[in-house]
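*Asks:* Provided below: query_20.txt, containing compact mmCIF, C-alpha atoms.
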# COMPACT_ATOMS: atom_id res chain seq x y z
CA MET A 1 0.00 0.00 0.00
CA LYS A 2 3.04 2.26 0.31
CA GLY A 3 4.40 2.75 -3.22
CA THR A 4 1.54 1.83 -5.52
CA VAL A 5 -2.11 2.80 -5.18
CA ASN A 6 -4.72 0.18 -5.87
CA PRO A 7 -7.55 1.91 -7.74
CA PHE A 8 -10.14 -0.53 -6.41
CA VAL A 9 -9.35 0.17 -2.80
CA SER A 10 -10.87 3.15 -1.16
CA GLN A 11 -8.15 4.91 0.75
CA PHE A 12 -10.62 6.74 2.96
CA ASN A 13 -13.39 4.34 3.67
CA ARG A 14 -12.19 1.41 5.78
CA GLN A 15 -15.14 -0.50 7.18
CA SER A 16 -15.47 -3.40 9.50
CA TRP A 17 -16.07 -6.56 7.55
CA VAL A 18 -17.45 -8.72 10.32
CA MET A 19 -21.06 -7.59 10.40
CA PRO A 20 -21.77 -7.63 6.62
CA VAL A 21 -20.03 -11.00 6.29
CA SER A 22 -22.09 -12.34 9.18
CA ALA A 23 -25.30 -11.10 7.60
CA MET A 24 -24.48 -12.80 4.33
CA CYS A 25 -23.43 -15.92 6.22
CA LEU A 26 -26.92 -16.00 7.68
CA VAL A 27 -28.38 -15.98 4.17
CA LEU A 28 -25.82 -18.55 3.04
CA GLY A 29 -26.64 -20.88 5.91
CA PHE A 30 -30.30 -20.61 5.01
CA MET A 31 -29.56 -21.45 1.37
CA ILE A 32 -27.27 -24.37 2.17
CA SER A 33 -29.86 -25.79 4.51
CA LEU A 34 -32.43 -25.61 1.72
CA ALA A 35 -30.09 -27.09 -0.87
CA TRP A 36 -29.04 -29.97 1.37
CA VAL A 37 -30.07 -33.23 -0.31
CA THR A 38 -32.18 -35.26 2.08
CA GLN A 39 -34.13 -38.45 1.52
CA ARG A 40 -37.18 -36.34 0.73
CA THR A 41 -35.56 -34.13 -1.90
CA ARG A 42 -33.82 -37.11 -3.44
CA THR A 43 -37.12 -38.74 -4.31
CA SER A 44 -38.46 -35.45 -5.66
CA ARG A 45 -35.54 -35.34 -8.06
CA GLN A 46 -36.03 -38.85 -9.29
CA HIS A 47 -38.14 -37.95 -12.31
CA PHE A 48 -35.27 -35.90 -13.70
CA LEU A 49 -33.33 -39.10 -14.29
CA SER A 50 -33.37 -40.74 -17.66
CA PRO A 51 -35.88 -43.62 -17.98
CA ASP A 52 -33.32 -46.43 -17.76
CA GLN A 53 -31.83 -44.89 -14.63
CA GLN A 54 -35.29 -44.63 -13.09
CA ILE A 55 -35.85 -48.33 -13.67
CA ARG A 56 -32.66 -49.11 -11.80
CA VAL A 57 -33.66 -46.94 -8.86
CA ASN A 58 -37.08 -48.54 -8.75
CA GLU A 59 -35.69 -52.05 -8.82
CA ALA A 60 -33.34 -51.22 -6.00
CA SER A 61 -36.29 -50.24 -3.83
CA VAL A 62 -38.55 -53.28 -4.10
CA ASP A 63 -41.15 -53.12 -1.35
CA ILE A 64 -40.29 -56.17 0.75
CA ASP A 65 -43.23 -55.83 3.14
CA ALA A 66 -45.77 -55.67 0.35
CA PHE A 67 -44.18 -58.69 -1.26
CA GLN A 68 -44.36 -60.72 1.92
CA ARG A 69 -47.96 -59.74 2.50
CA LEU A 70 -48.95 -60.66 -1.04
CA SER A 71 -47.03 -63.93 -1.08
CA GLY A 72 -48.74 -64.87 2.18
CA GLU A 73 -52.05 -64.28 0.48
CA VAL A 74 -51.05 -66.34 -2.53
CA GLN A 75 -50.08 -69.17 -0.19
CA LYS A 76 -53.43 -69.01 1.55
CA LEU A 77 -55.38 -68.95 -1.70
CA GLN A 78 -53.46 -71.88 -3.08
CA GLY A 79 -54.19 -73.82 0.10
CA ASP A 80 -57.87 -72.99 -0.32
CA LYS A 81 -57.75 -74.12 -3.92
CA THR A 82 -56.21 -77.47 -3.00
CA ARG A 83 -58.83 -78.00 -0.29
CA MET A 84 -61.63 -77.22 -2.70
CA GLU A 85 -60.16 -79.50 -5.33
CA ASN A 86 -59.95 -82.27 -2.75
CA ALA A 87 -63.54 -81.65 -1.70
CA LEU A 88 -64.61 -81.77 -5.31
CA ALA A 89 -62.72 -85.01 -5.79
CA SER A 90 -64.33 -86.68 -2.81
CA GLN A 91 -67.68 -86.48 -4.59
CA GLY A 92 -66.95 -89.15 -7.13
CA GLY A 93 -64.39 -91.58 -8.50
CA GLN A 94 -64.05 -89.83 -11.83
CA SER A 95 -63.18 -86.48 -10.36
CA LYS A 96 -60.84 -88.28 -7.95
CA VAL A 97 -58.70 -89.44 -10.85
CA LEU A 98 -58.86 -85.94 -12.28
CA ASN A 99 -57.72 -84.44 -9.00
CA GLU A 100 -54.87 -86.89 -8.66
CA SER A 101 -53.52 -85.91 -12.02
CA LEU A 102 -54.06 -82.26 -11.10
CA GLN A 103 -52.04 -82.63 -7.89
CA GLU A 104 -49.36 -84.42 -9.87
CA MET A 105 -49.16 -81.49 -12.24
CA LYS A 106 -49.00 -79.03 -9.36
CA VAL A 107 -46.07 -80.85 -7.82
CA PHE A 108 -44.33 -80.80 -11.16
CA ALA A 109 -45.03 -77.09 -11.65
CA GLY A 110 -43.83 -76.28 -8.15
CA LEU A 111 -47.20 -75.02 -6.91
CA THR A 112 -47.25 -77.18 -3.79
CA PRO A 113 -44.73 -77.51 -0.97
CA VAL A 114 -42.70 -80.70 -1.24
CA THR A 115 -40.58 -82.67 1.21
CA GLY A 116 -37.89 -85.19 0.57
CA PRO A 117 -34.19 -85.97 0.83
CA GLY A 118 -31.69 -83.75 -0.90
CA VAL A 119 -28.80 -81.35 -0.53
CA VAL A 120 -28.40 -77.79 0.64
CA ILE A 121 -25.72 -75.60 -0.91
CA THR A 122 -24.65 -72.35 0.73
CA LEU A 123 -22.94 -69.73 -1.43
CA ARG A 124 -21.47 -66.71 0.30
CA ASP A 125 -19.29 -63.79 -0.73
CA SER A 126 -15.64 -64.29 0.07
CA GLN A 127 -14.47 -62.68 3.31
CA LYS A 128 -10.99 -62.32 1.92
CA GLY A 129 -10.20 -58.82 0.70
CA GLY A 130 -8.68 -58.08 -2.64
CA SER A 131 -5.02 -58.75 -3.27
CA GLY A 132 -4.18 -55.21 -4.35
CA MET A 133 -3.47 -52.04 -2.36
CA GLY A 134 -3.62 -53.13 1.24
CA GLY A 135 -6.18 -55.81 0.64
CA THR A 136 -9.35 -53.83 1.27
CA ILE A 137 -9.66 -51.45 -1.64
CA GLY A 138 -10.05 -53.70 -4.62
CA ILE A 139 -12.50 -56.55 -4.15
CA PRO A 140 -12.16 -58.73 -7.22
CA SER A 141 -15.45 -59.60 -8.81
CA ASP A 142 -14.62 -63.29 -8.40
CA ALA A 143 -15.01 -62.90 -4.65
CA ILE A 144 -18.71 -62.09 -4.97
CA ILE A 145 -21.53 -64.50 -5.73
CA HIS A 146 -23.17 -63.37 -8.95
CA ASP A 147 -26.49 -64.17 -10.53
CA VAL A 148 -24.63 -66.31 -13.03
CA ASP A 149 -23.20 -68.48 -10.24
CA VAL A 150 -26.66 -69.10 -8.80
CA LEU A 151 -28.03 -69.78 -12.27
CA LYS A 152 -25.26 -72.29 -13.02
CA VAL A 153 -25.68 -74.13 -9.73
CA VAL A 154 -29.46 -74.38 -10.16
CA ASN A 155 -29.01 -75.51 -13.73
CA GLU A 156 -26.51 -78.17 -12.67
CA LEU A 157 -28.81 -79.38 -9.89
CA ILE A 158 -31.73 -79.79 -12.26
CA ALA A 159 -29.50 -81.43 -14.84
CA SER A 160 -28.32 -83.97 -12.27
CA GLY A 161 -31.81 -85.00 -11.30
CA ALA A 162 -33.10 -82.57 -8.68
CA GLU A 163 -36.89 -82.70 -8.64
CA ALA A 164 -37.44 -79.43 -6.86
CA VAL A 165 -35.13 -76.49 -6.19
CA ALA A 166 -35.54 -73.43 -3.99
CA VAL A 167 -33.19 -70.46 -3.70
CA ASN A 168 -33.40 -68.71 -0.32
CA ASN A 169 -36.88 -70.24 0.06
CA HIS A 170 -38.03 -68.98 -3.33
CA ARG A 171 -39.13 -72.00 -5.30
CA VAL A 172 -37.69 -72.33 -8.76
CA ALA A 173 -40.55 -72.82 -11.23
CA GLY A 174 -40.97 -72.61 -14.97
CA ASN A 175 -40.85 -68.84 -15.17
CA THR A 176 -38.19 -68.22 -12.53
CA SER A 177 -35.47 -65.76 -13.45
CA PHE A 178 -32.15 -64.91 -11.82
CA ARG A 179 -30.83 -61.46 -12.36
CA CYS A 180 -28.29 -59.06 -10.90
CA VAL A 181 -29.37 -55.62 -9.74
CA GLY A 182 -26.56 -53.64 -8.17
CA THR A 183 -25.16 -55.66 -5.30
CA THR A 184 -28.15 -57.95 -4.88
CA ILE A 185 -29.61 -60.79 -6.90
CA LEU A 186 -33.23 -60.98 -7.91
CA VAL A 187 -34.97 -64.37 -7.81
CA ASN A 188 -38.54 -64.30 -9.09
CA ASP A 189 -38.08 -60.48 -8.93
CA VAL A 190 -37.38 -60.65 -5.19
CA LYS A 191 -34.10 -59.35 -3.80
CA ILE A 192 -31.81 -61.82 -2.08
CA ALA A 193 -28.27 -61.37 -0.84
CA SER A 194 -25.33 -63.44 0.31
CA PRO A 195 -25.37 -65.99 1.91
CA ILE A 196 -27.52 -67.77 -0.68
CA LEU A 197 -29.09 -71.07 0.35
CA ILE A 198 -29.95 -73.36 -2.54
CA ARG A 199 -32.02 -76.37 -1.50
CA ALA A 200 -32.69 -79.22 -3.86
CA ILE A 201 -34.72 -82.41 -3.48
CA GLY A 202 -33.40 -85.52 -5.17
CA ASP A 203 -31.01 -88.39 -4.54
CA PRO A 204 -28.48 -86.84 -2.14
CA ASN A 205 -25.56 -88.96 -3.32
CA THR A 206 -26.13 -88.20 -7.00
CA LEU A 207 -26.52 -84.52 -6.32
CA LEU A 208 -23.43 -84.38 -4.10
CA GLY A 209 -21.39 -86.20 -6.71
CA ALA A 210 -22.55 -83.94 -9.51
CA MET A 211 -21.87 -80.83 -7.48
CA ASN A 212 -18.40 -81.87 -6.35
CA MET A 213 -17.37 -82.92 -9.84
CA PRO A 214 -13.87 -81.68 -10.69
CA GLY A 215 -14.17 -78.79 -13.13
CA GLY A 216 -17.84 -78.35 -12.21
CA VAL A 217 -19.57 -75.14 -11.28
CA LEU A 218 -18.68 -75.28 -7.61
CA ALA A 219 -15.04 -76.06 -8.40
CA ASP A 220 -14.89 -72.75 -10.27
CA ILE A 221 -16.10 -70.82 -7.23
CA ARG A 222 -13.92 -72.82 -4.84
CA GLN A 223 -10.88 -71.80 -6.85
CA THR A 224 -11.31 -68.23 -5.59
CA ASP A 225 -12.02 -69.10 -1.99
CA GLN A 226 -12.80 -72.50 -0.42
CA SER A 227 -15.12 -70.94 2.16
CA MET A 228 -17.45 -69.50 -0.46
CA VAL A 229 -19.17 -72.86 -0.96
CA GLN A 230 -20.70 -75.23 1.57
CA ILE A 231 -22.64 -78.32 0.61
CA GLU A 232 -24.30 -80.93 2.75
CA ALA A 233 -26.76 -83.78 2.26
CA LEU A 234 -30.01 -83.81 4.19
CA LYS A 235 -32.26 -86.77 5.01
CA THR A 236 -35.36 -84.65 4.68
CA GLN A 237 -36.22 -81.06 4.03
CA GLU A 238 -39.25 -79.07 3.00
CA LEU A 239 -39.36 -76.69 0.05
CA PRO A 240 -42.04 -74.01 -0.14
CA GLU A 241 -44.36 -73.64 -3.08
CA PHE A 242 -43.90 -71.11 -5.85
CA VAL A 243 -45.66 -67.90 -4.83
CA GLY A 244 -44.91 -65.69 -7.82
CA ASN A 245 -47.22 -64.68 -10.59
CA THR A 246 -48.83 -67.61 -12.41
CA SER A 247 -51.25 -65.75 -14.67
CA HIS A 248 -50.63 -65.60 -18.40
CA LYS A 249 -51.90 -63.18 -20.97
CA PHE A 250 -50.62 -64.38 -24.30
CA ALA A 251 -50.00 -68.10 -24.11
CA ARG A 252 -53.00 -70.27 -25.12
CA PRO A 253 -53.02 -74.00 -25.71
CA PRO A 254 -53.62 -74.74 -29.40
CA LYS A 255 -57.13 -75.96 -30.34
CA ASP A 256 -56.00 -79.51 -31.25
CA ALA A 257 -54.02 -79.96 -28.05
CA LYS A 258 -54.21 -83.42 -26.55
CA MET B 1 -15.18 -11.64 16.70
CA ILE B 2 -14.07 -14.06 14.00
CA LEU B 3 -16.66 -16.56 15.23
CA ILE B 4 -19.66 -14.32 14.53
CA PRO B 5 -19.92 -15.36 10.83
CA PHE B 6 -19.88 -19.05 11.79
CA VAL B 7 -22.58 -18.52 14.39
CA ALA B 8 -24.61 -16.64 11.78
CA LEU B 9 -24.14 -19.52 9.33
CA LEU B 10 -25.44 -22.04 11.84
CA LEU B 11 -28.26 -19.70 12.81
CA GLY B 12 -29.35 -19.36 9.18
CA ALA B 13 -29.36 -23.13 8.75
CA PHE B 14 -31.30 -23.51 11.97
CA ILE B 15 -33.91 -20.95 10.88
CA ALA B 16 -34.39 -22.77 7.58
CA LEU B 17 -34.87 -26.05 9.45
CA ALA B 18 -37.13 -24.50 12.05
CA ILE B 19 -39.66 -22.95 9.69
CA HIS B 20 -40.09 -26.20 7.73
CA LEU B 21 -40.00 -24.91 4.20
CA PRO B 22 -41.22 -27.35 1.56
CA ALA B 23 -38.43 -29.23 -0.22
CA VAL B 24 -36.95 -27.43 -3.20
CA PRO B 25 -38.30 -29.41 -6.11
CA GLY B 26 -36.14 -31.09 -8.67
CA VAL B 27 -33.86 -29.08 -10.83
CA TYR B 28 -34.27 -25.90 -8.76
CA GLY B 29 -32.33 -27.73 -6.09
CA GLN B 30 -29.43 -27.81 -8.50
CA TYR B 31 -29.62 -24.07 -9.14
CA LEU B 32 -29.79 -23.50 -5.42
CA ALA B 33 -26.72 -25.69 -4.89
CA VAL B 34 -24.76 -23.65 -7.41
CA ALA B 35 -26.01 -20.47 -5.76
CA CYS B 36 -24.75 -21.79 -2.41
CA LEU B 37 -21.33 -22.30 -3.92
CA ALA B 38 -21.33 -18.73 -5.23
CA GLY B 39 -22.41 -17.43 -1.82
CA PHE B 40 -19.71 -19.39 -0.07
CA ASP B 41 -17.11 -18.04 -2.48
CA THR B 42 -18.26 -14.47 -1.91
CA VAL B 43 -18.16 -14.88 1.87
CA CYS B 44 -14.62 -16.27 1.65
CA GLY B 45 -13.68 -13.33 -0.60
CA GLY B 46 -15.23 -10.91 1.88
CA ILE B 47 -13.27 -12.33 4.79
CA ARG B 48 -10.10 -12.18 2.73
CA ALA B 49 -10.75 -8.57 1.74
CA GLY B 50 -11.42 -7.73 5.37
CA LEU B 51 -8.13 -9.26 6.43
CA GLU B 52 -6.37 -7.34 3.65
CA ASP B 53 -8.01 -4.06 4.79
CA LYS B 54 -9.74 -3.71 1.44
CA PHE B 55 -13.25 -4.48 2.57
CA ARG B 56 -16.13 -2.33 1.33
CA ARG B 57 -19.61 -3.13 2.37
CA GLU B 58 -21.34 -2.14 -0.89
CA VAL B 59 -18.93 -4.18 -3.02
CA PHE B 60 -19.38 -7.18 -0.79
CA ILE B 61 -23.17 -7.16 -0.65
CA THR B 62 -23.70 -6.44 -4.34
CA GLY B 63 -21.05 -9.09 -5.07
CA PHE B 64 -22.90 -11.66 -2.98
CA VAL B 65 -26.24 -11.04 -4.64
CA SER B 66 -24.91 -10.79 -8.18
CA ASN B 67 -22.69 -13.88 -7.84
CA VAL B 68 -25.62 -15.93 -6.56
CA VAL B 69 -27.87 -14.72 -9.36
CA ILE B 70 -25.25 -15.15 -12.09
CA ALA B 71 -24.31 -18.65 -10.91
CA SER B 72 -27.96 -19.76 -10.88
CA PHE B 73 -28.50 -18.13 -14.25
CA ILE B 74 -25.55 -19.95 -15.79
CA ALA B 75 -26.81 -23.25 -14.37
CA TRP B 76 -30.29 -22.56 -15.75
CA PHE B 77 -28.90 -21.45 -19.10
CA GLY B 78 -26.77 -24.58 -19.36
CA GLU B 79 -29.88 -26.65 -18.70
CA GLN B 80 -31.65 -24.91 -21.60
CA ILE B 81 -28.87 -25.48 -24.14
CA TYR B 82 -27.97 -28.98 -22.89
CA ILE B 83 -24.47 -28.22 -21.70
CA ASN B 84 -23.67 -28.91 -18.09
CA LEU B 85 -22.60 -25.33 -17.48
CA PHE B 86 -23.14 -25.75 -13.76
CA LEU B 87 -19.99 -27.84 -13.82
CA ALA B 88 -18.14 -24.80 -15.17
CA VAL B 89 -19.57 -22.71 -12.34
CA ALA B 90 -18.62 -25.36 -9.80
CA LEU B 91 -15.09 -25.54 -11.21
CA VAL B 92 -14.47 -21.80 -11.25
CA LEU B 93 -16.07 -21.11 -7.89
CA GLY B 94 -14.33 -24.12 -6.37
CA ALA B 95 -10.97 -22.82 -7.55
CA ARG B 96 -11.77 -19.38 -6.17
CA ILE B 97 -12.80 -20.81 -2.83
CA PHE B 98 -9.46 -22.60 -2.64
CA THR B 99 -7.57 -19.43 -3.51
CA ASN B 100 -9.46 -17.32 -1.01
CA LEU B 101 -9.12 -19.85 1.78
CA SER B 102 -5.39 -20.26 1.13
CA LEU B 103 -4.89 -16.48 1.23
CA ILE B 104 -6.85 -16.31 4.51
CA ARG B 105 -4.65 -19.08 5.89
CA ARG B 106 -1.45 -17.34 4.79
CA TYR B 107 -2.63 -14.08 6.30
CA GLY B 108 -3.32 -15.73 9.62
CA LEU B 109 -0.06 -17.66 9.55
CA THR B 110 2.01 -14.55 8.76
CA LYS B 111 0.31 -12.60 11.53
CA PHE B 112 0.99 -15.39 14.00
CA GLN B 113 4.63 -15.77 12.98
CA ASP B 114 5.23 -12.01 12.99
CA ALA B 115 3.86 -11.75 16.50
CA ARG B 116 6.13 -14.57 17.61
CA ASP B 117 9.20 -13.02 15.97
CA ARG B 118 8.42 -9.62 17.45
CA ARG B 119 8.21 -11.15 20.91
CA ARG B 120 11.50 -12.94 20.37
CA LEU B 121 13.24 -9.78 19.19
CA GLN B 122 11.86 -7.83 22.13
CA VAL B 123 13.22 -10.39 24.56
CA GLN B 124 16.58 -10.26 22.76
CA ALA B 125 16.70 -6.46 22.91
CA GLN B 126 15.87 -6.52 26.60
CA THR B 127 18.64 -8.98 27.44
CA GLN B 128 21.11 -6.92 25.39
CA ALA B 129 20.05 -3.75 27.18
CA VAL B 130 20.54 -5.45 30.53
CA ALA B 131 23.96 -6.72 29.43
CA SER B 132 25.16 -3.33 28.15
CA ALA B 133 23.90 -1.62 31.31
CA GLN B 134 26.35 -3.64 33.38
CA PRO B 135 29.82 -2.07 33.68
CA GLU B 136 32.39 -3.56 31.33
CA PRO B 137 35.10 -5.43 33.17
CA ASN B 138 38.39 -3.59 32.68
CA PRO B 139 41.04 -5.40 30.72
Go ahead and express the file in the form of structure tokens.

*Replies:*
Amino acid sequence: MKGTVNPFVSQFNRQSWVMPVSAMCLVLGFMISLAWVTQRTRTSRQHFLSPDQQIRVNEASVDIDAFQRLSGEVQKLQGDKTRMENALASQGGQSKVLNESLQEMKVFAGLTPVTGPGVVITLRDSQKGGSGMGGTIGIPSDAIIHDVDVLKVVNELIASGAEAVAVNNHRVAGNTSFRCVGTTILVNDVKIASPILIRAIGDPNTLLGAMNMPGGVLADIRQTDQSMVQIEALKTQELPEFVGNTSHKFARPPKDAK
Amino acid sequence: MILIPFVALLLGAFIALAIHLPAVPGVYGQYLAVACLAGFDTVCGGIRAGLEDKFRREVFITGFVSNVVIASFIAWFGEQIYINLFLAVALVLGARIFTNLSLIRRYGLTKFQDARDRRRLQVQAQTQAVASAQPEPNP
């Protein structure tokens, strides 16, 4: 300030800066508090996302309670249906045969709970950290159970003679799908997470042998970490019925169907 | 003294929370966020100017308002022509906030070190004065 004169600085009018700055800080605090992104504002901004992003957000927030309520209702209605079918069948021999074949079909389609011997396979994410950078930063994708792993195991179980399969108590039926959404897996459009329990009914020895086959699906996972896979045979276990959507809009049996 | 702006900041936030305004909908939240950045930059600049003895109230207040309005306008304009101009605002204002804060820090540091050095020199001068006051031993 001695030699040169700054033209933007008043040489006469020195004012205290504290009070004006405080006043503007008040306004700033107000604004920041309004701009702060809370859970409420986040949802209000959701419709600014592009459609494919919105789908992802929606899938990540599946309403678990509503699902459990509805699946309970489906279970109850299916029980009612079976009781009514049985009542109908008790009226005559002809309808009894019809009902028997109907129950047979329901077992095949996975619409009734079933019990029997089998195996239970537990898949869990590896507890070992990544190998790089101190071990915790990079988690290799091999250390996580993916939808493909579940799909392969279920496929292998069915191929080796499993008569009924359930993943985390969601019965695998004809229209079951396995899909990855973010860090969770969807089975029948329901979110599940590690550890994943896959129960199968069938000959325990055959299933165990098929699963432990060298070069099989489980051997692949075990290569990353032995503790990711657990398999044991059970004398008896119960699998729930399929409680997903069974209605169909487009498929019709052809007229000349047998 | 230096704490008054921080108290005012918290007070403003508290008022906004207390009167339960409805959530800022959608994209206006983004404009408001950019405006907050501009306001923060202006406040930092004001503190810096105050420490440099250059502070003028009119410049500061008009600067605050115009920066907030211009930043929101640029964000809105970018939205209209499909360029994320609010990123440009965030970049520039972010850089300015860094500059201002570093100048404030250097000002404070220099003041602190000067005070320390002055004290040291004073103590030195005193001890020298005491030493020279004593009669020199004759050779």

*Asks:* Check the smallest atom-to-atom distance from each of A:Met19, A:Gly29, A:Val187, A:Gly215 to chain B using only C-alpha atoms, then report the winner.

*Replies:*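 Counting only C-alpha atoms, the residue closest to chain B is A:Gly29.
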
*Asks:* Just need the residues of chain B within 10 Å of chain A, counting all atoms listed in the file, so spit them out as a ChimeraX atom specification.

*Replies:* /B:1-17,20-40,42-51,53-58,60-61,64-65,68

*Asks:* Give me the residues within 8 Å of A:Glu238 as a list in words, counting only C-alpha atoms and dropping any in the same chain fewer than 2 places off.

*Replies:*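 The filter keeps Pro113, Val114, Thr115, Gly116, Thr236 and Pro240 of chain A.
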
*Asks:* With a distance cut-off of 9 Å and only C-alpha atoms, select the neighbouring residues of stretch 170-172 of chain A, excluding the residue or stretch itself and same-chain residues fewer than 6 positions from it, and output the selection as a PyMOL selection string.

*Replies:* chain A and resi 110-111+113+154+164+187-188+190+239-244

*Asks:* Find, counting all atoms listed in the file, the residue in A:Thr82, A:Gln127, A:Thr224, A:Gln94 that gets nearest to A:Val107.

*Replies:*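 Ranking A:Thr82, A:Gln127, A:Thr224, A:Gln94 by distance to A:Val107, first place goes to A:Thr82.
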
*Asks:* Rank A:Asn169, A:Ser194, A:Gln75, A:Asn205 by their smallest atom-to-atom distance to A:Asp149, using all atoms listed in the file, and report the top residue only.

*Replies:*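 Answer, going by the shortest atom-to-atom distance: A:Ser194.
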
*Asks:* Report, in Å with one decimal, the straight-line distance from atom CA of A:Ala173 to atom CA of A:Phe108.

*Replies:*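 These atoms are spaced 8.8 Å apart.
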
*Asks:* How many Å lie between atom CA of A:Val153 and atom CA of A:Pro204, rounded to one decimal?

*Replies:*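 Spanning atom CA of A:Val153 to atom CA of A:Pro204 is a straight-line distance of 15.1 Å.
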
*Asks:* Extract, using all atoms listed in the file, all DNA, RNA and protein residues at most 12 Å from A:Gly118, discarding same-chain residues fewer than 2 positions from it, and format them as a ChimeraX atom specification.

*Replies:* /A:114-116,120-121,157,160-166,198-208,231-239

*Asks:* Counting only C-alpha atoms, which residue out of A:Ala66, A:Thr112, A:His248, A:Cys180 sits closest to A:Lys81?

*Replies:*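 With only C-alpha atoms as the atom set, the closest residue is A:Thr112.
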
*Asks:* So what do you get for atom CA of A:Ile192 versus atom CA of A:Arg179, distance-wise?

*Replies:*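 Between atom CA of A:Ile192 and atom CA of A:Arg179 the gap is 10.3 Å.
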
*Asks:* Could I get stretch 60-74 of chain B rebuilt with N, CA and C atoms, written as a PDB file, in the frame of the given file?

*Replies:*
ATOM      1  N   PHE B  60     -19.162  -5.829  -1.290  1.00  0.00           N
ATOM      2  CA  PHE B  60     -19.380  -7.180  -0.790  1.00  0.00           C
ATOM      3  C   PHE B  60     -20.833  -7.610  -0.989  1.00  0.00           C
ATOM      4  N   ILE B  61     -21.768  -6.742  -0.606  1.00  0.00           N
ATOM      5  CA  ILE B  61     -23.170  -7.160  -0.650  1.00  0.00           C
ATOM      6  C   ILE B  61     -23.663  -7.277  -2.091  1.00  0.00           C
ATOM      7  N   THR B  62     -23.303  -6.297  -2.934  1.00  0.00           N
ATOM      8  CA  THR B  62     -23.700  -6.440  -4.340  1.00  0.00           C
ATOM      9  C   THR B  62     -23.028  -7.660  -4.962  1.00  0.00           C
ATOM     10  N   GLY B  63     -21.769  -7.914  -4.548  1.00  0.00           N
ATOM     11  CA  GLY B  63     -21.050  -9.090  -5.070  1.00  0.00           C
ATOM     12  C   GLY B  63     -21.763 -10.375  -4.684  1.00  0.00           C
ATOM     13  N   PHE B  64     -22.209 -10.453  -3.439  1.00  0.00           N
ATOM     14  CA  PHE B  64     -22.900 -11.660  -2.980  1.00  0.00           C
ATOM     15  C   PHE B  64     -24.148 -11.908  -3.819  1.00  0.00           C
ATOM     16  N   VAL B  65     -24.977 -10.862  -3.932  1.00  0.00           N
ATOM     17  CA  VAL B  65     -26.240 -11.040  -4.640  1.00  0.00           C
ATOM     18  C   VAL B  65     -25.988 -11.362  -6.113  1.00  0.00           C
ATOM     19  N   SER B  66     -25.091 -10.571  -6.747  1.00  0.00           N
ATOM     20  CA  SER B  66     -24.910 -10.790  -8.180  1.00  0.00           C
ATOM     21  C   SER B  66     -24.247 -12.141  -8.452  1.00  0.00           C
ATOM     22  N   ASN B  67     -23.316 -12.568  -7.617  1.00  0.00           N
ATOM     23  CA  ASN B  67     -22.690 -13.880  -7.840  1.00  0.00           C
ATOM     24  C   ASN B  67     -23.720 -14.993  -7.746  1.00  0.00           C
ATOM     25  N   VAL B  68     -24.585 -14.896  -6.731  1.00  0.00           N
ATOM     26  CA  VAL B  68     -25.620 -15.930  -6.560  1.00  0.00           C
ATOM     27  C   VAL B  68     -26.528 -15.963  -7.788  1.00  0.00           C
ATOM     28  N   VAL B  69     -26.940 -14.769  -8.229  1.00  0.00           N
ATOM     29  CA  VAL B  69     -27.870 -14.720  -9.360  1.00  0.00           C
ATOM     30  C   VAL B  69     -27.185 -15.210 -10.632  1.00  0.00           C
ATOM     31  N   ILE B  70     -25.949 -14.757 -10.854  1.00  0.00           N
ATOM     32  CA  ILE B  70     -25.250 -15.150 -12.090  1.00  0.00           C
ATOM     33  C   ILE B  70     -25.010 -16.665 -12.097  1.00  0.00           C
ATOM     34  N   ALA B  71     -24.588 -17.210 -10.956  1.00  0.00           N
ATOM     35  CA  ALA B  71     -24.310 -18.650 -10.910  1.00  0.00           C
ATOM     36  C   ALA B  71     -25.576 -19.442 -11.214  1.00  0.00           C
ATOM     37  N   SER B  72     -26.711 -19.040 -10.605  1.00  0.00           N
ATOM     38  CA  SER B  72     -27.960 -19.760 -10.880  1.00  0.00           C
ATOM     39  C   SER B  72     -28.355 -19.592 -12.343  1.00  0.00           C
ATOM     40  N   PHE B  73     -28.140 -18.360 -12.857  1.00  0.00           N
ATOM     41  CA  PHE B  73     -28.500 -18.130 -14.250  1.00  0.00           C
ATOM     42  C   PHE B  73     -27.689 -19.019 -15.188  1.00  0.00           C
ATOM     43  N   ILE B  74     -26.385 -19.121 -14.908  1.00  0.00           N
ATOM     44  CA  ILE B  74     -25.550 -19.950 -15.790  1.00  0.00           C
ATOM     45  C   ILE B  74     -26.010 -21.412 -15.725  1.00  0.00           C
TER      46      ILE B  74
END
